[in-house]
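Read through the structure below, which is laid out as structure tokens, and then see the notes.
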There are 2 protein chains.
Amino acid sequence: MYRSHTNGELTIKNVNQEVTLSGWVQKVRDKGFMIWVDLRDRYGITQLIFDEERTDKSIMELAKTLGREFVIQVTGKVIEREAKNKNIPTGEIEILVEKLTILNQAKLPPFTIEDETDGGEELRMKYRYLDMRRNPIREKMIFRSKVTMEVRNYLSNQGFIDVETPYLIKSTPEGARDFIVPSRMNAGQFYALPQSPQTFKQLLMVGGLDKYFQIVKCFRDEDLRADRQPEFTQIDCEMAFVEQEDILNVFEGLTRHLLKEVNGVAIDKFPRMTYEEAMKTYGNDKPDIRFDMKFGELNDLAQNKGFGVFDSQELVVGIAAPGCANYTRKQTDKLIDFVKQPQVGANGLIWAKYNEDGTFKSSVDKFFSQEDLAMWAERLDAKKGDLMLVMAGNANKTRTQLSVLRMEMAERLNLRNPKEFAPLWVVDFPLLEWDEETNRYHAMHHPFTSPKPEDVSLLETNPGKVRANAYDLVLNGNEIGGGSIRIFDKTMQSRMFDLLGFTKEEAQNQFGFLMNAFEYGAPPHGGLAFGLDRLVAILGGQESIRDFIAFPKNNSGRDVMIDAPANIDNSQLNELYLQLNYEKKDS
Amino acid sequence: MYRSHTNGELTIKNVNQEVTLSGWVQKVRDKGFMIWVDLRDRYGITQLIFDEERTDKSIMELAKTLGREFVIQVTGKVIEREAKNKNIPTGEIEILVEKLTILNQAKLPPFTIEDETDGGEELRMKYRYLDMRRNPIREKMIFRSKVTMEVRNYLSNQGFIDVETPYLIKSTPEGARDFIVPSRMNAGQFYALPQSPQTFKQLLMVGGLDKYFQIVKCFRDEDLRADRQPEFTQIDCEMAFVEQEDILNVFEGLTRHLLKEVNGVAIDKFPRMTYEEAMKTYGNDKPDIRFDMKFGELNDLAQNKGFGVFDSQELVVGIAAPGCANYTRKQTDKLIDFVKQPQVGANGLIWAKYNEDGTFKSSVDKFFSQEDLAMWAERLDAKKGDLMLVMAGNANKTRTQLSVLRMEMAERLNLRNPKEFAPLWVVDFPLLEWDEETNRYHAMHHPFTSPKPEDVSLLETNPGKVRANAYDLVLNGNEIGGGSIRIFDKTMQSRMFDLLGFTKEEAQNQFGFLMNAFEYGAPPHGGLAFGLDRLVAILGGQESIRDFIAFPKNNSGRDVMIDAPANIDNSQLNELYLQLNYEKKDS
């Protein structure tokens, strides 16, 4: 037996008990005649004391050899501390050590194992097993475990069945790139890793399972942007005999439960907003509504006043940044630089200060009177002391650019409080989006999403206008989940594949099994998937997902700890009927 | 809203309520003036009634078009049935239908959706979404979900943290064959899918997580024997600062909990047996101890009695099959044929009947007296009425052959009662086993398993004799879990790789990250993994795992429903710097 107690549980009540503890040496304070050691494990820190007068000489000497991160086992008596530490549960006691065993030595770690470490990201990833000894990382992993248990228990209690769908499935070139897996037993053929269990969960509904969930890894071979992972985790759900309203209610319930149990935050009804409204009001289909700065359209107020920059544009639109009327010229110039950088791509930015004295001062005073600017202020809901920021141009692009600026202002103003939670349903997404590059429609959600019945007639005449029974759950400006009511009729599904540019043969080849299934009595069904990594990060008050993943990959898709991917033996390739060919790449 | 109630919940208490139900048409009985429909969903069956006198003519006519597996929605009034069915919860009521909507039509299913279906295995797999509408399959999937929830809750309550380890890892040629995944972003390099999260869970222990669990998919590209799957699920666990005893206690607790909660079976302490004892007593390291027929060794009693077949052999060993003394000559001949078939491979079989009258009759009466046979009976614990079955030959081979015969007799005698549960820990496995083919030692469990401290000195002199800190949990003759206390010292781990024939470079290349981790303060640790598919099947009273997997693959590793694996576009291969090459296979 390595321990009678953990390092987080002994208190003043245990005084005089003989205990055995194991753990890592967090810190050694050697005063010569007396040595204190902080012994650490997952559960806490317990102070050990070695004392010339009370400890065996041999043990005293062994204690002097201890270094950081040594793994030791001690037996001794719990005694009351002289200098108490009220900050930790074990702070009133220490262990007078009678026996000491070094279970394993440790080289000096490449970075300090402290809450604030000196290790850079790459180094911490390479030694992830040391990084996770630090409280912030360990706590995030425990937090994730707690969230998933809450999810499972909640959905289980609601009658959802946890079903494992297969990982070795079939490649479907639609959507993102698949990771493929060569089959040895089926020469020249390949499995693909699932981008999501979409078709399988639909088949579970055809199979009568009624309510399904799974916390499942998914895979996308995309060029990795910051904070994307080639493998990521979904809370995947599907229900039969439901309408959109049923699904929103269930998953609003789940999210409310998590916010309550995990964050202690009670939120009543989640607000809802159409996609169209979100785009018009926030320039974004995942608006952060913890703060206002809603868009105000100024075309009628700002055009034809002699300011040519506005006159010719499709949209003039602005926001009011609260309390920023005191921005200096330097600060407003920086904002202009910000929107002009290539990542944002705006041509410029107009500003107008609503001063505390009720007057206005703007970068376009030549063209707009105090009365004009007062009307802007009313439209943008600006108060005295606010700074109005106005952009003009192509409607869609300008909204997107102003949305970026809105988020930037929120960051500057510390309006993105990670302890505050503002969920929002965005509904009525478009069914299709036009892709300039391929010159055809793409499914905005995926090809299995159903159009709104009242818009079906538009499929022939104006497909871009068709709204889908699709919805996203947004939390603090992040899409944490999305889903739709599915097509459950073979004819409609086939028509959808036509619209998306599939030939009949391609559709049959890739999704024939699903369309066949629809012929044997498919029920109406729909569902939703949450991105678990993101959800956990946001509930945990962070936006970066990496620290919430035990063994993340870097932006090249590499695991720098185990050094994967790696070369493999030619014999392995031979068995798979494959050979490397670097030349054909550009063909 | 598609339904106000499910088809399993309406009872006599709901009479006169107006309800809406949805589901599948299980059966239609059309008497012309009256039509009954059994409406089915996951939760049960509710009877609908359409009645010439009380139902609208148009609805009556629509009802006449209903076929099996149509998906419908009805609204009507709950009324008391005349002919009650006491076998189902809803058997006292029926719904007098007022509104009927056909939500989806259904082609005639390729097999009947009944508990006993006429569909063969291959057909059922191709239409798995129809197969799972059948009670036996649906119940198994719900059962699996229940088992996994119990596992998670139990381990969570014990302080285990659910951590997701990566699926895209590195190929290690040791052990079974890996599935590999070409990396597009890292030209010419490959990930591998994990055969288990072994090294990662050990790193979690090095990282101080203390107690880890995960229910996780694992992958092995093996030639599939019946009832093996290329992807399978493990309950994977690891603990730090533990000895074997700690681990056995925790997972005995888990298994006891499952037997109690899932099967309502209370089992106290699980028996334990060494590997050596299991082999000597049952010829098998996963003995089914629901029944006896223990091996008795007869060398001292049966050799040198003039029966040459016995005299020259290493081992003479037998069992007593209870109540089989009345076997006819034809039956004993069949047993002899059974052991002689190539799958068993024995040279022959001697039988001796212990008759009810106390006399013996054997196939070797010429050589053995009644007194001789009486001594056999005592050794084999044979009672009057039993049939003794004796084999001789090389010790290991003969034990294995007799073990097969023992199981065969148990099947014939219906001793393998699926409702009875007999768990058993088998401990002290050998560390290594000699492989004739490669002429070197293989790790019996895996290369990370620690030798018993008292046997370490044998590593130099007689490696085959070294016992490991390794253990299996056996349930009803199936290994459902196994694990070990791990090596946590770099020197010992490196020595183990030497023994297993790794060069220093190979060891460093494949497992350098783990050995490096051991240098930074690795705690003693160990763990265990349960095969979830098998565990669930056995708890469910079955030995075949396939029906407990939602979408299983066939013996060629194919998913016949979605038709995977499949060919992929050359452009996909090009992107991965690969081309097909059928010729090199045999090089």
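Order determines the names: the first chain of the structure tokens is A, the second B, and so forth; residues in each chain are numbered 1 upward, and ligands are numbered 1 upward as they are shown.
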ask   = Counting only C-alpha atoms, what is within 8 Å of B:Gly482, bar same-chain residues fewer than 2 positions away, as a VMD selection string?
value = chain B and resid 470 to 473 479 to 480 484 528 to 530
query = Contacts of B:Gly393 at 10 Å or less, counting only C-alpha atoms, minus same-chain residues fewer than 6 places along, as a list in words?
reply =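 Selected residues are Val309, Phe310, Asp311, Ser312, Gln313, Glu314, Leu315, Val316, Val317, Ala346, Asn347, Gly348, Arg399 and Gln401 of chain B.
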Only C-alpha atoms, please: the residues just picked out, written as a PDB file, in the first residue's frame.
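Saved result, again20.pdb, follows:
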ATOM      1  CA  VAL B 309      -0.157 -45.192 -25.379  1.00  0.00           C
ATOM      2  CA  PHE B 310       0.120 -43.712 -21.892  1.00  0.00           C
ATOM      3  CA  ASP B 311       3.561 -44.860 -20.873  1.00  0.00           C
ATOM      4  CA  SER B 312       5.647 -42.750 -23.183  1.00  0.00           C
ATOM      5  CA  GLN B 313       3.736 -39.510 -22.665  1.00  0.00           C
ATOM      6  CA  GLU B 314       4.596 -36.460 -20.630  1.00  0.00           C
ATOM      7  CA  LEU B 315       1.124 -36.174 -19.171  1.00  0.00           C
ATOM      8  CA  VAL B 316      -1.913 -38.385 -18.654  1.00  0.00           C
ATOM      9  CA  VAL B 317      -4.843 -36.249 -17.632  1.00  0.00           C
ATOM     10  CA  ALA B 346      -5.652 -34.952 -30.223  1.00  0.00           C
ATOM     11  CA  ASN B 347      -4.494 -38.443 -31.121  1.00  0.00           C
ATOM     12  CA  GLY B 348      -7.236 -40.144 -29.202  1.00  0.00           C
ATOM     13  CA  ARG B 399      -4.142 -29.707 -21.461  1.00  0.00           C
ATOM     14  CA  GLN B 401      -7.061 -30.344 -26.000  1.00  0.00           C
TER      15      GLN B 401
END
message = Which residues are close to stretch 144-156 of chain A, i.e. within 10 Å by only C-alpha atoms, leaving aside same-chain residues fewer than 5 positions away? Reply as a ChimeraX atom specification.
response = /A:138-139,161-162,211-215,235,237,250-251,253-255,257-259,261-262,532-533,535-537,539-540,548-550 /B:145-146,149,152-153,156,160-164,213-214
Taking the DSSP assignment computed from this structure's backbone, write out as a PDB file with C-alpha atoms, in the first residue's frame all residues of stretch 354-536 of chain A that belong to strand (DSSP E or B).
ATOM      1  CA  TYR A 354     -20.897  62.205 -28.746  1.00  0.00           C
ATOM      2  CA  PHE A 360     -20.608  66.066 -31.527  1.00  0.00           C
ATOM      3  CA  LYS A 361     -17.165  65.952 -33.044  1.00  0.00           C
ATOM      4  CA  SER A 362     -16.525  63.751 -36.049  1.00  0.00           C
ATOM      5  CA  LEU A 387     -17.857  56.998 -29.857  1.00  0.00           C
ATOM      6  CA  MET A 388     -19.768  56.233 -33.056  1.00  0.00           C
ATOM      7  CA  LEU A 389     -17.880  54.190 -35.626  1.00  0.00           C
ATOM      8  CA  VAL A 390     -19.295  54.025 -39.110  1.00  0.00           C
ATOM      9  CA  MET A 391     -18.348  52.010 -42.179  1.00  0.00           C
ATOM     10  CA  ALA A 392     -19.729  51.843 -45.710  1.00  0.00           C
ATOM     11  CA  GLY A 393     -19.519  49.488 -48.645  1.00  0.00           C
ATOM     12  CA  PRO A 423     -26.490  31.934 -24.820  1.00  0.00           C
ATOM     13  CA  LEU A 424     -28.472  32.602 -27.980  1.00  0.00           C
ATOM     14  CA  TRP A 425     -30.274  30.481 -30.536  1.00  0.00           C
ATOM     15  CA  VAL A 426     -29.760  31.575 -34.109  1.00  0.00           C
ATOM     16  CA  VAL A 427     -32.443  30.033 -36.320  1.00  0.00           C
ATOM     17  CA  PRO A 430     -30.213  29.685 -45.341  1.00  0.00           C
ATOM     18  CA  LEU A 432     -27.668  26.879 -49.433  1.00  0.00           C
ATOM     19  CA  GLU A 433     -24.840  29.251 -50.027  1.00  0.00           C
ATOM     20  CA  TRP A 434     -23.407  30.126 -53.380  1.00  0.00           C
ATOM     21  CA  ASP A 435     -19.755  29.296 -53.846  1.00  0.00           C
ATOM     22  CA  ARG A 440     -22.454  26.138 -57.509  1.00  0.00           C
ATOM     23  CA  TYR A 441     -24.492  25.926 -54.355  1.00  0.00           C
ATOM     24  CA  HIS A 442     -23.088  24.335 -51.221  1.00  0.00           C
ATOM     25  CA  ALA A 443     -25.143  23.132 -48.297  1.00  0.00           C
ATOM     26  CA  THR A 449     -30.845  19.499 -43.760  1.00  0.00           C
ATOM     27  CA  PRO A 451     -35.805  23.251 -46.208  1.00  0.00           C
ATOM     28  CA  ARG A 467     -34.440  28.943 -45.439  1.00  0.00           C
ATOM     29  CA  ALA A 468     -33.555  25.717 -43.653  1.00  0.00           C
ATOM     30  CA  ALA A 470     -31.382  24.736 -39.111  1.00  0.00           C
ATOM     31  CA  TYR A 471     -30.249  26.317 -35.885  1.00  0.00           C
ATOM     32  CA  ASP A 472     -27.075  27.128 -33.988  1.00  0.00           C
ATOM     33  CA  LEU A 473     -26.559  27.545 -30.294  1.00  0.00           C
ATOM     34  CA  VAL A 474     -24.218  30.461 -29.702  1.00  0.00           C
ATOM     35  CA  LEU A 475     -22.523  31.107 -26.390  1.00  0.00           C
ATOM     36  CA  ASN A 478     -18.912  31.202 -30.201  1.00  0.00           C
ATOM     37  CA  GLU A 479     -20.955  28.635 -32.061  1.00  0.00           C
ATOM     38  CA  ILE A 480     -21.034  25.774 -29.605  1.00  0.00           C
ATOM     39  CA  GLY A 481     -23.623  23.672 -31.346  1.00  0.00           C
ATOM     40  CA  GLY A 482     -25.650  23.393 -34.461  1.00  0.00           C
ATOM     41  CA  GLY A 483     -28.171  21.145 -36.051  1.00  0.00           C
ATOM     42  CA  SER A 484     -31.219  20.786 -38.189  1.00  0.00           C
ATOM     43  CA  ILE A 485     -34.409  18.958 -38.903  1.00  0.00           C
ATOM     44  CA  ARG A 486     -33.411  16.414 -41.527  1.00  0.00           C
ATOM     45  CA  TYR A 520     -38.474   1.623 -45.500  1.00  0.00           C
ATOM     46  CA  HIS A 525     -36.154  13.396 -37.242  1.00  0.00           C
ATOM     47  CA  GLY A 526     -33.572  15.980 -36.402  1.00  0.00           C
ATOM     48  CA  GLY A 527     -30.706  16.663 -34.120  1.00  0.00           C
ATOM     49  CA  LEU A 528     -27.774  18.686 -33.095  1.00  0.00           C
ATOM     50  CA  ALA A 529     -24.110  18.410 -32.290  1.00  0.00           C
ATOM     51  CA  PHE A 530     -22.148  20.401 -29.754  1.00  0.00           C
ATOM     52  CA  GLY A 531     -18.440  20.974 -30.175  1.00  0.00           C
TER      53      GLY A 531
END
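Taking only C-alpha atoms, the non-local environment of A:Leu66 within 9 Å (same-chain residues fewer than 6 positions away omitted) comprises Val25, Val28, Val37, Ile72, Ile102 and Gln105 of chain A.
Counting from atom CA of A:Tyr282, the distance to atom CA of A:Glu436 is 24.2 Å.
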request  = Write out as a VMD selection string each polymer residue whose atoms come within 9 Å of stretch 507-518 of chain B, counting only C-alpha atoms; drop sequence neighbours fewer than 6 positions from it.
outcome  = (chain A and resid 104 106 126 to 127 129 to 130 561 to 563) or (chain B and resid 170 to 173 199 to 200 202 to 203 206 488 to 491 493 to 494 497 to 498)
